[in-house]
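Note: the block below is start.pdb and it holds PDB, C-alpha atoms and all ligand atoms.
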```pdb
ATOM      1  CA  MET A   1     -16.065  10.848 -30.491  1.00  0.00           C
ATOM      2  CA  GLU A   2     -17.948  10.180 -33.679  1.00  0.00           C
ATOM      3  CA  LYS A   3     -19.053   6.695 -34.507  1.00  0.00           C
ATOM      4  CA  THR A   4     -17.560   5.126 -37.574  1.00  0.00           C
ATOM      5  CA  ILE A   5     -19.150   2.394 -39.582  1.00  0.00           C
ATOM      6  CA  CYS A   6     -16.894  -0.413 -40.712  1.00  0.00           C
ATOM      7  CA  GLU A   7     -16.571  -0.347 -44.483  1.00  0.00           C
ATOM      8  CA  ASN A   8     -16.232  -4.109 -44.586  1.00  0.00           C
ATOM      9  CA  CYS A   9     -19.307  -5.299 -42.797  1.00  0.00           C
ATOM     10  CA  GLY A  10     -21.421  -2.224 -42.060  1.00  0.00           C
ATOM     11  CA  GLU A  11     -21.311  -2.826 -38.320  1.00  0.00           C
ATOM     12  CA  LEU A  12     -20.142  -0.189 -35.911  1.00  0.00           C
ATOM     13  CA  GLU A  13     -16.386  -0.020 -36.195  1.00  0.00           C
ATOM     14  CA  GLY A  14     -14.746  -1.233 -33.027  1.00  0.00           C
ATOM     15  CA  SER A  15     -17.489  -3.677 -32.218  1.00  0.00           C
ATOM     16  CA  CYS A  16     -17.124  -5.757 -35.359  1.00  0.00           C
ATOM     17  CA  ALA A  17     -14.526  -8.458 -35.765  1.00  0.00           C
ATOM     18  CA  CYS A  18     -12.993  -7.316 -39.055  1.00  0.00           C
ATOM     19  CA  ARG A  19      -9.772  -5.996 -37.613  1.00  0.00           C
ATOM     20  CA  ARG A  20      -9.235  -9.183 -35.684  1.00  0.00           C
ATOM     21  CA  ARG A  21      -9.964 -11.130 -38.829  1.00  0.00           C
ATOM     22  CA  PHE A  22      -7.404  -9.120 -40.745  1.00  0.00           C
ATOM     23  CA  CYS A  23      -4.787  -9.799 -38.093  1.00  0.00           C
ATOM     24  CA  SER A  24      -5.626 -13.482 -38.091  1.00  0.00           C
ATOM     25  CA  ASP A  25      -5.424 -13.623 -41.878  1.00  0.00           C
ATOM     26  CA  PHE A  26      -2.009 -12.092 -41.695  1.00  0.00           C
ATOM     27  CA  SER A  27      -0.666 -14.426 -39.069  1.00  0.00           C
ATOM     28  CA  GLY A  28      -2.030 -17.606 -40.655  1.00  0.00           C
ATOM     29  CA  ASP A  29      -2.008 -20.496 -38.210  1.00  0.00           C
ATOM     30  CA  GLU A  30      -0.164 -18.624 -35.524  1.00  0.00           C
ATOM     31  CA  LYS A  31      -2.347 -17.959 -32.517  1.00  0.00           C
ATOM     32  CA  LEU A  32      -2.734 -14.294 -31.683  1.00  0.00           C
ATOM     33  CA  VAL A  33      -3.415 -12.824 -28.270  1.00  0.00           C
ATOM     34  CA  PHE A  34      -6.116 -10.138 -28.272  1.00  0.00           C
ATOM     35  CA  ILE A  35      -7.477  -8.082 -25.435  1.00  0.00           C
ATOM     36  CA  ASP A  36     -11.232  -8.179 -25.178  1.00  0.00           C
ATOM     37  CA  GLY A  37     -13.306  -5.058 -25.545  1.00  0.00           C
ATOM     38  CA  HIS A  38     -10.601  -2.958 -27.173  1.00  0.00           C
ATOM     39  CA  ASP A  39     -10.915  -3.845 -30.829  1.00  0.00           C
ATOM     40  CA  ASP A  40     -11.223  -0.174 -31.707  1.00  0.00           C
ATOM     41  CA  ALA A  41      -7.692   0.375 -30.380  1.00  0.00           C
ATOM     42  CA  LEU A  42      -6.302  -2.379 -32.581  1.00  0.00           C
ATOM     43  CA  LEU A  43      -3.691  -1.041 -34.988  1.00  0.00           C
ATOM     44  CA  GLY A  44      -2.386  -4.172 -36.638  1.00  0.00           C
ATOM     45  CA  VAL A  45       0.264  -6.800 -36.174  1.00  0.00           C
ATOM     46  CA  ALA A  46       4.017  -6.743 -35.735  1.00  0.00           C
ATOM     47  CA  GLU A  47       6.568  -9.483 -35.963  1.00  0.00           C
ATOM     48  CA  VAL A  48       8.916  -9.654 -33.014  1.00  0.00           C
ATOM     49  CA  GLU A  49      11.660 -12.247 -32.984  1.00  0.00           C
ATOM     50  CA  GLY A  50       9.591 -14.659 -35.028  1.00  0.00           C
ATOM     51  CA  ASP A  51       6.354 -14.194 -33.075  1.00  0.00           C
ATOM     52  CA  THR A  52       3.449 -12.289 -34.520  1.00  0.00           C
ATOM     53  CA  ARG A  53       2.011  -9.914 -31.978  1.00  0.00           C
ATOM     54  CA  VAL A  54      -1.056  -7.733 -32.058  1.00  0.00           C
ATOM     55  CA  VAL A  55      -0.414  -4.000 -31.698  1.00  0.00           C
ATOM     56  CA  TYR A  56      -2.787  -1.701 -29.838  1.00  0.00           C
ATOM     57  CA  ASP A  57      -2.865   2.053 -29.479  1.00  0.00           C
ATOM     58  CA  HIS A  58      -2.118   2.622 -25.809  1.00  0.00           C
ATOM     59  CA  GLY A  59      -3.878   5.990 -25.729  1.00  0.00           C
ATOM     60  CA  ALA A  60      -7.026   4.556 -27.303  1.00  0.00           C
ATOM     61  CA  VAL A  61      -7.178   1.807 -24.684  1.00  0.00           C
ATOM     62  CA  ILE A  62      -6.823   4.370 -21.911  1.00  0.00           C
ATOM     63  CA  ARG A  63      -9.477   6.638 -23.451  1.00  0.00           C
ATOM     64  CA  ARG A  64     -11.870   3.745 -23.745  1.00  0.00           C
ATOM     65  CA  LEU A  65     -11.391   2.778 -20.106  1.00  0.00           C
ATOM     66  CA  MET A  66     -12.131   6.363 -19.127  1.00  0.00           C
ATOM     67  CA  ARG A  67     -15.129   6.737 -21.400  1.00  0.00           C
ATOM     68  CA  ARG A  68     -16.679   3.312 -21.048  1.00  0.00           C
ATOM     69  CA  ASP A  69     -15.845   2.520 -17.461  1.00  0.00           C
ATOM     70  CA  GLY A  70     -15.842   6.036 -16.056  1.00  0.00           C
ATOM     71  CA  MET A  71     -12.265   5.894 -14.796  1.00  0.00           C
ATOM     72  CA  ASP A  72     -10.116   8.961 -14.401  1.00  0.00           C
ATOM     73  CA  LEU A  73      -6.743   9.061 -16.136  1.00  0.00           C
ATOM     74  CA  GLU A  74      -4.834   7.810 -13.138  1.00  0.00           C
ATOM     75  CA  GLY A  75      -7.269   4.979 -12.522  1.00  0.00           C
ATOM     76  CA  ALA A  76      -7.235   3.975 -16.162  1.00  0.00           C
ATOM     77  CA  GLU A  77      -3.427   3.904 -16.247  1.00  0.00           C
ATOM     78  CA  GLU A  78      -3.348   1.827 -13.106  1.00  0.00           C
ATOM     79  CA  PHE A  79      -5.972  -0.581 -14.393  1.00  0.00           C
ATOM     80  CA  PHE A  80      -4.070  -0.857 -17.649  1.00  0.00           C
ATOM     81  CA  ASN A  81      -0.728  -1.541 -15.961  1.00  0.00           C
ATOM     82  CA  CYS A  82      -2.130  -4.154 -13.589  1.00  0.00           C
ATOM     83  CA  ASN A  83      -4.817  -5.853 -15.612  1.00  0.00           C
ATOM     84  CA  ILE A  84      -4.102  -5.401 -19.283  1.00  0.00           C
ATOM     85  CA  GLU A  85      -0.398  -5.051 -19.887  1.00  0.00           C
ATOM     86  CA  GLY A  86       0.712  -6.655 -16.633  1.00  0.00           C
ATOM     87  CA  CYS A  87      -1.061  -9.948 -17.163  1.00  0.00           C
ATOM     88  CA  ASN A  88       0.331 -10.474 -20.661  1.00  0.00           C
ATOM     89  CA  VAL A  89       3.921 -11.568 -20.316  1.00  0.00           C
ATOM     90  CA  SER A  90       4.057 -14.301 -22.940  1.00  0.00           C
ATOM     91  CA  PRO A  91       6.192 -13.826 -26.081  1.00  0.00           C
ATOM     92  CA  SER A  92       2.982 -13.474 -28.097  1.00  0.00           C
ATOM     93  CA  ALA A  93       1.433 -10.863 -25.799  1.00  0.00           C
ATOM     94  CA  PRO A  94       0.013  -7.744 -27.429  1.00  0.00           C
ATOM     95  CA  ILE A  95       2.182  -4.669 -27.905  1.00  0.00           C
ATOM     96  CA  PHE A  96       0.942  -1.283 -26.759  1.00  0.00           C
ATOM     97  CA  LEU A  97       2.170   1.517 -28.941  1.00  0.00           C
ATOM     98  CA  ARG A  98       2.773   4.918 -27.381  1.00  0.00           C
ATOM     99  CA  PRO A  99       3.071   7.339 -30.278  1.00  0.00           C
ATOM    100  CA  CYS A 100       5.565  10.136 -29.703  1.00  0.00           C
TER     101      CYS A 100
HETATM  102 ZN    ZN A 201     -16.333  -4.902 -39.787  1.00  0.00          ZN
END
```

How would this structure read if it were set down as structure tokens?
Ligand SMILES: [Zn+2]
Amino acid sequence: MEKTICENCGELEGSCACRRRFCSDFSGDEKLVFIDGHDDALLGVAEVEGDTRVVYDHGAVIRRLMRRDGMDLEGAEEFFNCNIEGCNVSPSAPIFLRPC
């Protein structure tokens, strides 16, 4: 996968905090729940029943687990279900988008 440079700050996209900053700007004082290490899978924010929630690309999270942590697809899915999606049950938990 080719590396993209963030047009805001010139850092490597995905490792800079611009996307998080954008989400935080949008939500104002509301506290957002992010998952660490997956900023490059961050798509934006969505409002659900009055709560602002951060939206991630599910596939990008899985790909990153496979690439960065050397997991196979099954392992990455399992890790995701148990440790990423499973531990976030609050109303402000991130949303993981599965594009059709
Ligand atoms: Zn940036």

Close residues to ligand ZN 201 (chain A) using only C-alpha atoms and all ligand atoms, limit 8 Å, as a ChimeraX atom specification: /A:5-19

Ser24 in chain A environment, 10 Å, only C-alpha atoms, sequence neighbours closer than 6 positions dropped, as a ChimeraX atom specification: /A:18,30-32,44-45,52,54

Contacts of range 57-72 of chain A at 10 Å (only C-alpha atoms; same-chain gap of 4+ positions) as an MDAnalysis selection string: chainID A and resid 35 37:44 76:80 84:85 95:99

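The set of residues that the PyMOL selection byres (((chain A and resi 89-91) around 10) and not hetatm) takes from this file is A:Val33, A:Val48, A:Glu49, A:Gly50, A:Asp51, A:Thr52, A:Arg53, A:Glu85, A:Gly86, A:Cys87, A:Asn88, A:Ser92, A:Ala93, A:Pro94.
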
Point-to-point distance from CA of Phe26 in chain A to CA of Val55 in chain A, Å rounded to tenths: 13.0 Å

Coordinates-based distance that separates CA of Phe22 in chain A from CA of Phe34 in chain A (Å, one decimal): 12.6 Å

Around all the atoms of range 38-51 of chain A listed in the file, with 5 Å of room on each side, what axis-aligned box do you get, giving centre and edge lengths in Å to one decimal, as AutoDock Vina command-line options?
```
--center_x 0.2 --center_y -7.1 --center_z -31.9 --size_x 32.9 --size_y 25.0 --size_z 19.5
```

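We find CA of Arg20 in chain A and CA of Gly75 in chain A to be spaced 27.2 Å apart.
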